[in-house]
Amino acid sequence: AAIWAQGRRRVCSVELTPTVLRQGRETLAVEKIASASEEVGTPVAARVLGTGWSVPRKFESVPLKLTDGTTVVAWARDGEALRAALRELTET
């Protein structure tokens with residue numbers, strides 16, 4: 001059980017710094033994020049960050065529009081807090 005819990009913590013971790021958004025094992029440069037607003041819709045085929053097939057259980061999805069025009073799905077326990085933090089970083 002301890003190995004499963006440790007693996008889940010690693011895969012379901014979220015870290016946001018002024019330069020990088022890390023979701024599980026995947027990192028995304030903040031400079032590549034164009035928008036994190038609620039108006040960004042989630043396309044059905046949008047890729048989920050963190051090398052998973054779907055948003056982990058008990059996490060909210062946060063669609064992100066990237067500078068190349070694609071949309072990806074980030075996730076966090078508090079989706080609004082992640083959205084607000086990303087807005088603050090991308091608007092400056």
# chains A, B, ... in the order shown; residues from 1 in each chain; ligands from 1
call {"tool": "residues_around", "arguments": {"residues": "Glu26 (chain A)", "least_positions_apart": "5", "cutoff": "9 Å", "atoms": "only C-alpha atoms", "output": "list in words"}}
result
Leu21, Leu49, Gly50 and Thr51 of chain A
call {"tool": "write_last_selection", "arguments": {"atoms": "N, CA and C atoms", "output": "short mmCIF file (atom, residue, chain, number, x, y, z; two decimals), in the first residue's frame"}}
result
data_model
loop_
_atom_site.label_atom_id
_atom_site.label_comp_id
_atom_site.auth_asym_id
_atom_site.auth_seq_id
_atom_site.Cartn_x
_atom_site.Cartn_y
_atom_site.Cartn_z
N LEU A 21 4.85 25.13 -15.02
CA LEU A 21 3.71 24.43 -14.43
C LEU A 21 4.03 22.95 -14.54
N LEU A 49 -2.66 17.12 -19.33
CA LEU A 49 -1.28 17.22 -18.86
C LEU A 49 -1.01 16.18 -17.79
N GLY A 50 0.24 15.77 -17.69
CA GLY A 50 0.64 14.85 -16.63
C GLY A 50 0.75 13.42 -17.07
N THR A 51 0.75 13.16 -18.36
CA THR A 51 0.90 11.83 -18.96
C THR A 51 -0.20 10.86 -18.57
#
call {"tool": "residues_around", "arguments": {"residues": "region 67-82 of chain A", "least_positions_apart": "3", "cutoff": "9 Å", "atoms": "only C-alpha atoms", "output": "PyMOL selection string"}}
result
chain A and resi 12-14+16+23+31-36+40-43+46-50+54-56+58-64+85-87
call {"tool": "select_by_dssp", "arguments": {"residues": "chain A", "states": "helix (DSSP H, G or I)", "output": "PyMOL selection string"}}
result
chain A and resi 2-11+30-32+79-90
call {"tool": "atom_distance", "arguments": {"atom1": "CA of Trp53 (chain A)", "atom2": "CA of Arg25 (chain A)"}}
result
13.1 Å
call {"tool": "closest_residue", "arguments": {"among": "A:Gly52, A:Lys65, A:Ala45, A:Thr17", "to": "Leu89 (chain A)", "atoms": "only C-alpha atoms"}}
result
A:Thr17
call {"tool": "select_by_dssp", "arguments": {"residues": "chain A", "states": "strand (DSSP E)", "output": "list in words"}}
result
Val14, Glu15, Leu16, Val20, Leu21, Arg22, Gln23, Glu26, Thr27, Leu28, Ala29, Ile33, Ala34, Ser35, Arg47, Val48, Glu60, Ser61, Val62, Pro63, Leu64, Lys65, Leu66, Thr71, Val72, Val73, Ala74, Trp75 and Ala76 of chain A
call {"tool": "write_last_selection", "arguments": {"atoms": "C-alpha atoms", "output": "mmCIF file, in the first residue's frame"}}
result
data_model
loop_
_atom_site.group_PDB
_atom_site.id
_atom_site.type_symbol
_atom_site.label_atom_id
_atom_site.label_comp_id
_atom_site.auth_asym_id
_atom_site.auth_seq_id
_atom_site.Cartn_x
_atom_site.Cartn_y
_atom_site.Cartn_z
ATOM 1 C CA VAL A 14 0.901 19.955 -9.039
ATOM 2 C CA GLU A 15 3.565 22.652 -8.802
ATOM 3 C CA LEU A 16 3.426 26.165 -10.207
ATOM 4 C CA VAL A 20 6.990 26.262 -15.015
ATOM 5 C CA LEU A 21 3.711 24.430 -14.431
ATOM 6 C CA ARG A 22 4.395 20.831 -13.394
ATOM 7 C CA GLN A 23 1.540 18.323 -13.482
ATOM 8 C CA GLU A 26 5.056 16.602 -17.219
ATOM 9 C CA THR A 27 6.277 20.198 -17.181
ATOM 10 C CA LEU A 28 4.975 23.079 -19.263
ATOM 11 C CA ALA A 29 6.696 26.452 -19.554
ATOM 12 C CA ILE A 33 0.320 29.471 -21.894
ATOM 13 C CA ALA A 34 -1.744 32.100 -23.718
ATOM 14 C CA SER A 35 -4.899 31.967 -21.605
ATOM 15 C CA ARG A 47 -4.697 16.339 -24.221
ATOM 16 C CA VAL A 48 -4.536 16.031 -20.439
ATOM 17 C CA GLU A 60 -10.983 19.780 -11.291
ATOM 18 C CA SER A 61 -10.072 20.303 -14.932
ATOM 19 C CA VAL A 62 -8.632 23.656 -16.012
ATOM 20 C CA PRO A 63 -8.495 24.125 -19.808
ATOM 21 C CA LEU A 64 -5.473 26.102 -21.012
ATOM 22 C CA LYS A 65 -5.088 27.761 -24.410
ATOM 23 C CA LEU A 66 -1.456 27.593 -25.538
ATOM 24 C CA THR A 71 -5.882 23.552 -25.899
ATOM 25 C CA VAL A 72 -4.682 21.233 -23.138
ATOM 26 C CA VAL A 73 -6.311 20.287 -19.863
ATOM 27 C CA ALA A 74 -4.517 21.047 -16.602
ATOM 28 C CA TRP A 75 -5.962 19.918 -13.272
ATOM 29 C CA ALA A 76 -5.906 20.825 -9.591
#
